[in-house]
Structure formats: structure tokens, C-alpha cells
Amino acid sequence: MLLKSLKALFVAALAVLSLSALAGPNDPLFINLSTNDMHRASMAINFGKHHSANGHPLTIFLNDKAVMLGVKAGSSKFADQQQALSEVISSGALVIMCPMCLKQAGFTEADLISGVKLGSPKVTGDALFKDGTKTMSW
């Protein structure tokens, strides 16, 4: 009998913990995008775009190789991804560029495509640590 009670308690605890992992109807989504692989970058941006359209505030953080998606120098190779970024920005998403990654790649804030914001501990932290935020990484 004690074993059955312990099993029931374990199952109940597991159920409660599982429910905490579910997204609320308006939980923010923070996408960490570090690749310049065109297919993977498009998947990430489109994933965010669809969830943003469903009411989830969206932030996309461009870092490492994804710097090229957010600078004018990448406009010919990454035209589709930059168009998608412009669309999510127009719909209210925040696209943040890692400042250290931007510098490492040899670019400055003046090189950013329209609407991309230069990150800082406050800008990036405010988006990442907002209550209920869910994260994805590509």
C-alpha cells in the first residue's frame, strides 16, 4: 500500500512539473541564432515568425556567424533571410545584434540592416530574462 501511495505521489509531482514546461498563450520567445547556414537560419526566423503571429512576443539574437544576416554586406547572399528579419521587425519583433560578434566580424553599428538593434547587457537581458520567456537555439 505504501508503494502505491509513493507511486501516486511521484506521478502527481511529475505531472505538476510537466505543466510548468508548457508555454502560456503569450509567453515571449527568444531565439538564439548563431549560424549563417541559409537553411537553418531560415528555419529559425520562420519558426519565430509563426509563433509571433500567434501572439508570442519575439526576440531574435544574432551572434557568432549569424552576424552576416544582420549586416548590409550580407545583403546579396542572405537576401531571403534579411527580408524575413525585416518582416518580423515590422510586425513588432526585436532583433538584437551581439556587439562583440559584430566587432569580431569587422563591422560596426553603422553596418546593421534597418531595424536591427545593437545588443547590450540591458537590451539583451531584458528580452532574455522576461518572465515566462522560452528559448530556442539554432
# chains A, B, ... in the order shown; residues from 1 in each chain; ligands from 1
>>> select_by_dssp(residues="chain A", states="strand (DSSP E)", output="ChimeraX atom specification")
/A:29-33,58-62,94-97,117-118,134-137
>>> residues_around(residues="segment 80-92 of chain A", least_positions_apart="5", cutoff="10 Å", atoms="only C-alpha atoms", output="PDB file with N, CA, C and O atoms, in the first residue's frame")
ATOM      1  N   ASN A  36      25.117  30.952 -39.955  1.00  0.00           N
ATOM      2  CA  ASN A  36      24.841  31.635 -41.221  1.00  0.00           C
ATOM      3  C   ASN A  36      24.490  30.615 -42.307  1.00  0.00           C
ATOM      4  O   ASN A  36      24.438  30.948 -43.482  1.00  0.00           O
ATOM      5  N   MET A  38      22.136  29.061 -44.550  1.00  0.00           N
ATOM      6  CA  MET A  38      20.900  29.684 -45.038  1.00  0.00           C
ATOM      7  C   MET A  38      19.650  28.900 -44.660  1.00  0.00           C
ATOM      8  O   MET A  38      18.643  29.483 -44.253  1.00  0.00           O
ATOM      9  N   HIS A  39      19.688  27.582 -44.785  1.00  0.00           N
ATOM     10  CA  HIS A  39      18.515  26.777 -44.450  1.00  0.00           C
ATOM     11  C   HIS A  39      18.195  26.856 -42.959  1.00  0.00           C
ATOM     12  O   HIS A  39      17.043  27.083 -42.570  1.00  0.00           O
ATOM     13  N   ALA A  41      19.127  29.128 -40.772  1.00  0.00           N
ATOM     14  CA  ALA A  41      18.732  30.489 -40.403  1.00  0.00           C
ATOM     15  C   ALA A  41      17.285  30.762 -40.807  1.00  0.00           C
ATOM     16  O   ALA A  41      16.513  31.344 -40.037  1.00  0.00           O
ATOM     17  N   SER A  42      16.914  30.317 -41.993  1.00  0.00           N
ATOM     18  CA  SER A  42      15.523  30.497 -42.438  1.00  0.00           C
ATOM     19  C   SER A  42      14.560  29.735 -41.539  1.00  0.00           C
ATOM     20  O   SER A  42      13.475  30.242 -41.212  1.00  0.00           O
ATOM     21  N   MET A  43      14.935  28.523 -41.141  1.00  0.00           N
ATOM     22  CA  MET A  43      14.074  27.752 -40.229  1.00  0.00           C
ATOM     23  C   MET A  43      13.862  28.526 -38.926  1.00  0.00           C
ATOM     24  O   MET A  43      12.741  28.620 -38.429  1.00  0.00           O
ATOM     25  N   ALA A  44      14.931  29.055 -38.372  1.00  0.00           N
ATOM     26  CA  ALA A  44      14.835  29.778 -37.102  1.00  0.00           C
ATOM     27  C   ALA A  44      13.945  31.011 -37.226  1.00  0.00           C
ATOM     28  O   ALA A  44      13.059  31.241 -36.389  1.00  0.00           O
ATOM     29  N   ILE A  45      14.188  31.802 -38.249  1.00  0.00           N
ATOM     30  CA  ILE A  45      13.418  33.039 -38.424  1.00  0.00           C
ATOM     31  C   ILE A  45      11.951  32.713 -38.683  1.00  0.00           C
ATOM     32  O   ILE A  45      11.050  33.345 -38.097  1.00  0.00           O
ATOM     33  N   ASN A  46      11.675  31.745 -39.534  1.00  0.00           N
ATOM     34  CA  ASN A  46      10.285  31.377 -39.823  1.00  0.00           C
ATOM     35  C   ASN A  46       9.586  30.760 -38.620  1.00  0.00           C
ATOM     36  O   ASN A  46       8.399  30.994 -38.401  1.00  0.00           O
ATOM     37  N   GLY A  48      10.167  31.579 -35.529  1.00  0.00           N
ATOM     38  CA  GLY A  48       9.815  32.747 -34.724  1.00  0.00           C
ATOM     39  C   GLY A  48       8.672  33.541 -35.313  1.00  0.00           C
ATOM     40  O   GLY A  48       7.776  34.000 -34.603  1.00  0.00           O
ATOM     41  N   LYS A  49       8.686  33.691 -36.628  1.00  0.00           N
ATOM     42  CA  LYS A  49       7.644  34.456 -37.323  1.00  0.00           C
ATOM     43  C   LYS A  49       6.263  33.850 -37.080  1.00  0.00           C
ATOM     44  O   LYS A  49       5.294  34.565 -36.789  1.00  0.00           O
ATOM     45  N   HIS A  50       6.162  32.529 -37.177  1.00  0.00           N
ATOM     46  CA  HIS A  50       4.874  31.868 -36.977  1.00  0.00           C
ATOM     47  C   HIS A  50       4.383  32.014 -35.532  1.00  0.00           C
ATOM     48  O   HIS A  50       3.201  32.271 -35.299  1.00  0.00           O
ATOM     49  N   SER A  52       5.278  34.358 -33.415  1.00  0.00           N
ATOM     50  CA  SER A  52       4.976  35.776 -33.200  1.00  0.00           C
ATOM     51  C   SER A  52       3.573  36.094 -33.710  1.00  0.00           C
ATOM     52  O   SER A  52       2.808  36.806 -33.049  1.00  0.00           O
ATOM     53  N   ALA A  53       3.228  35.549 -34.864  1.00  0.00           N
ATOM     54  CA  ALA A  53       1.891  35.761 -35.430  1.00  0.00           C
ATOM     55  C   ALA A  53       0.805  35.167 -34.533  1.00  0.00           C
ATOM     56  O   ALA A  53      -0.346  35.605 -34.577  1.00  0.00           O
ATOM     57  N   PRO A  57       5.478  37.393 -28.114  1.00  0.00           N
ATOM     58  CA  PRO A  57       6.489  38.417 -28.408  1.00  0.00           C
ATOM     59  C   PRO A  57       7.810  37.735 -28.779  1.00  0.00           C
ATOM     60  O   PRO A  57       8.241  36.799 -28.114  1.00  0.00           O
ATOM     61  N   LEU A  58       8.445  38.217 -29.849  1.00  0.00           N
ATOM     62  CA  LEU A  58       9.617  37.552 -30.404  1.00  0.00           C
ATOM     63  C   LEU A  58      10.868  38.409 -30.306  1.00  0.00           C
ATOM     64  O   LEU A  58      10.834  39.602 -30.627  1.00  0.00           O
ATOM     65  N   THR A  59      11.953  37.769 -29.882  1.00  0.00           N
ATOM     66  CA  THR A  59      13.286  38.363 -29.946  1.00  0.00           C
ATOM     67  C   THR A  59      14.183  37.375 -30.674  1.00  0.00           C
ATOM     68  O   THR A  59      14.160  36.181 -30.376  1.00  0.00           O
ATOM     69  N   ILE A  60      14.961  37.874 -31.625  1.00  0.00           N
ATOM     70  CA  ILE A  60      15.973  37.059 -32.298  1.00  0.00           C
ATOM     71  C   ILE A  60      17.326  37.691 -31.999  1.00  0.00           C
ATOM     72  O   ILE A  60      17.537  38.877 -32.276  1.00  0.00           O
ATOM     73  N   MET A  68      26.321  37.884 -40.144  1.00  0.00           N
ATOM     74  CA  MET A  68      26.191  38.184 -41.573  1.00  0.00           C
ATOM     75  C   MET A  68      24.739  38.363 -42.015  1.00  0.00           C
ATOM     76  O   MET A  68      24.482  39.007 -43.030  1.00  0.00           O
ATOM     77  N   LEU A  69      23.799  37.839 -41.246  1.00  0.00           N
ATOM     78  CA  LEU A  69      22.384  38.004 -41.589  1.00  0.00           C
ATOM     79  C   LEU A  69      21.901  39.414 -41.302  1.00  0.00           C
ATOM     80  O   LEU A  69      20.905  39.854 -41.879  1.00  0.00           O
ATOM     81  N   GLY A  70      22.573  40.095 -40.407  1.00  0.00           N
ATOM     82  CA  GLY A  70      22.094  41.398 -39.963  1.00  0.00           C
ATOM     83  C   GLY A  70      22.907  42.592 -40.425  1.00  0.00           C
ATOM     84  O   GLY A  70      22.703  43.695 -39.945  1.00  0.00           O
ATOM     85  N   VAL A  71      23.848  42.359 -41.349  1.00  0.00           N
ATOM     86  CA  VAL A  71      24.650  43.478 -41.855  1.00  0.00           C
ATOM     87  C   VAL A  71      24.420  43.659 -43.354  1.00  0.00           C
ATOM     88  O   VAL A  71      24.115  42.717 -44.071  1.00  0.00           O
ATOM     89  N   LYS A  72      24.598  44.902 -43.779  1.00  0.00           N
ATOM     90  CA  LYS A  72      24.374  45.240 -45.191  1.00  0.00           C
ATOM     91  C   LYS A  72      25.297  44.455 -46.121  1.00  0.00           C
ATOM     92  O   LYS A  72      24.905  44.119 -47.234  1.00  0.00           O
ATOM     93  N   GLY A  74      26.004  41.471 -46.114  1.00  0.00           N
ATOM     94  CA  GLY A  74      25.454  40.157 -46.407  1.00  0.00           C
ATOM     95  C   GLY A  74      24.181  40.197 -47.225  1.00  0.00           C
ATOM     96  O   GLY A  74      23.540  39.173 -47.438  1.00  0.00           O
ATOM     97  N   SER A  75      23.826  41.384 -47.707  1.00  0.00           N
ATOM     98  CA  SER A  75      22.507  41.545 -48.325  1.00  0.00           C
ATOM     99  C   SER A  75      22.305  40.736 -49.598  1.00  0.00           C
ATOM    100  O   SER A  75      21.184  40.337 -49.893  1.00  0.00           O
ATOM    101  N   ILE A 113      21.554  46.244 -40.826  1.00  0.00           N
ATOM    102  CA  ILE A 113      20.383  46.497 -41.673  1.00  0.00           C
ATOM    103  C   ILE A 113      19.334  47.217 -40.825  1.00  0.00           C
ATOM    104  O   ILE A 113      19.363  47.156 -39.590  1.00  0.00           O
ATOM    105  N   SER A 114      18.422  47.864 -41.470  1.00  0.00           N
ATOM    106  CA  SER A 114      17.411  48.671 -40.802  1.00  0.00           C
ATOM    107  C   SER A 114      16.604  47.849 -39.791  1.00  0.00           C
ATOM    108  O   SER A 114      16.123  46.758 -40.104  1.00  0.00           O
ATOM    109  N   GLY A 115      16.495  48.385 -38.598  1.00  0.00           N
ATOM    110  CA  GLY A 115      15.666  47.778 -37.567  1.00  0.00           C
ATOM    111  C   GLY A 115      16.397  46.868 -36.597  1.00  0.00           C
ATOM    112  O   GLY A 115      15.869  46.542 -35.540  1.00  0.00           O
ATOM    113  N   VAL A 116      17.605  46.431 -36.935  1.00  0.00           N
ATOM    114  CA  VAL A 116      18.377  45.580 -36.021  1.00  0.00           C
ATOM    115  C   VAL A 116      18.994  46.463 -34.955  1.00  0.00           C
ATOM    116  O   VAL A 116      19.591  47.504 -35.260  1.00  0.00           O
TER     117      VAL A 116
END
>>> select_by_dssp(residues="segment 38-112 of chain A", states="alpha helix (DSSP H)", output="count of residues only")
34
>>> closest_residue(among="A:Leu128, A:Leu33, A:Ala73, A:Ala93", to="Phe107 of chain A", atoms="only C-alpha atoms")
A:Ala73
>>> closest_residue(among="A:Asn63, A:Thr108, A:Ser76, A:Thr35", to="Thr124 of chain A", atoms="only C-alpha atoms")
A:Asn63
>>> closest_residue(among="A:Ile31, A:Ala79, A:Val123, A:Met100", to="Trp138 of chain A", atoms="only C-alpha atoms")
A:Ile31
>>> atom_distance(atom1="atom CA of Asp27 of chain A", atom2="atom CA of Met136 of chain A")
13.0 Å
>>> closest_residue(among="A:Ser34, A:Ser137, A:Lys77, A:Phe47", to="Cys98 of chain A", atoms="only C-alpha atoms")
A:Ser34
>>> atom_distance(atom1="atom CA of Asp126 of chain A", atom2="atom CA of Leu29 of chain A")
12.5 Å
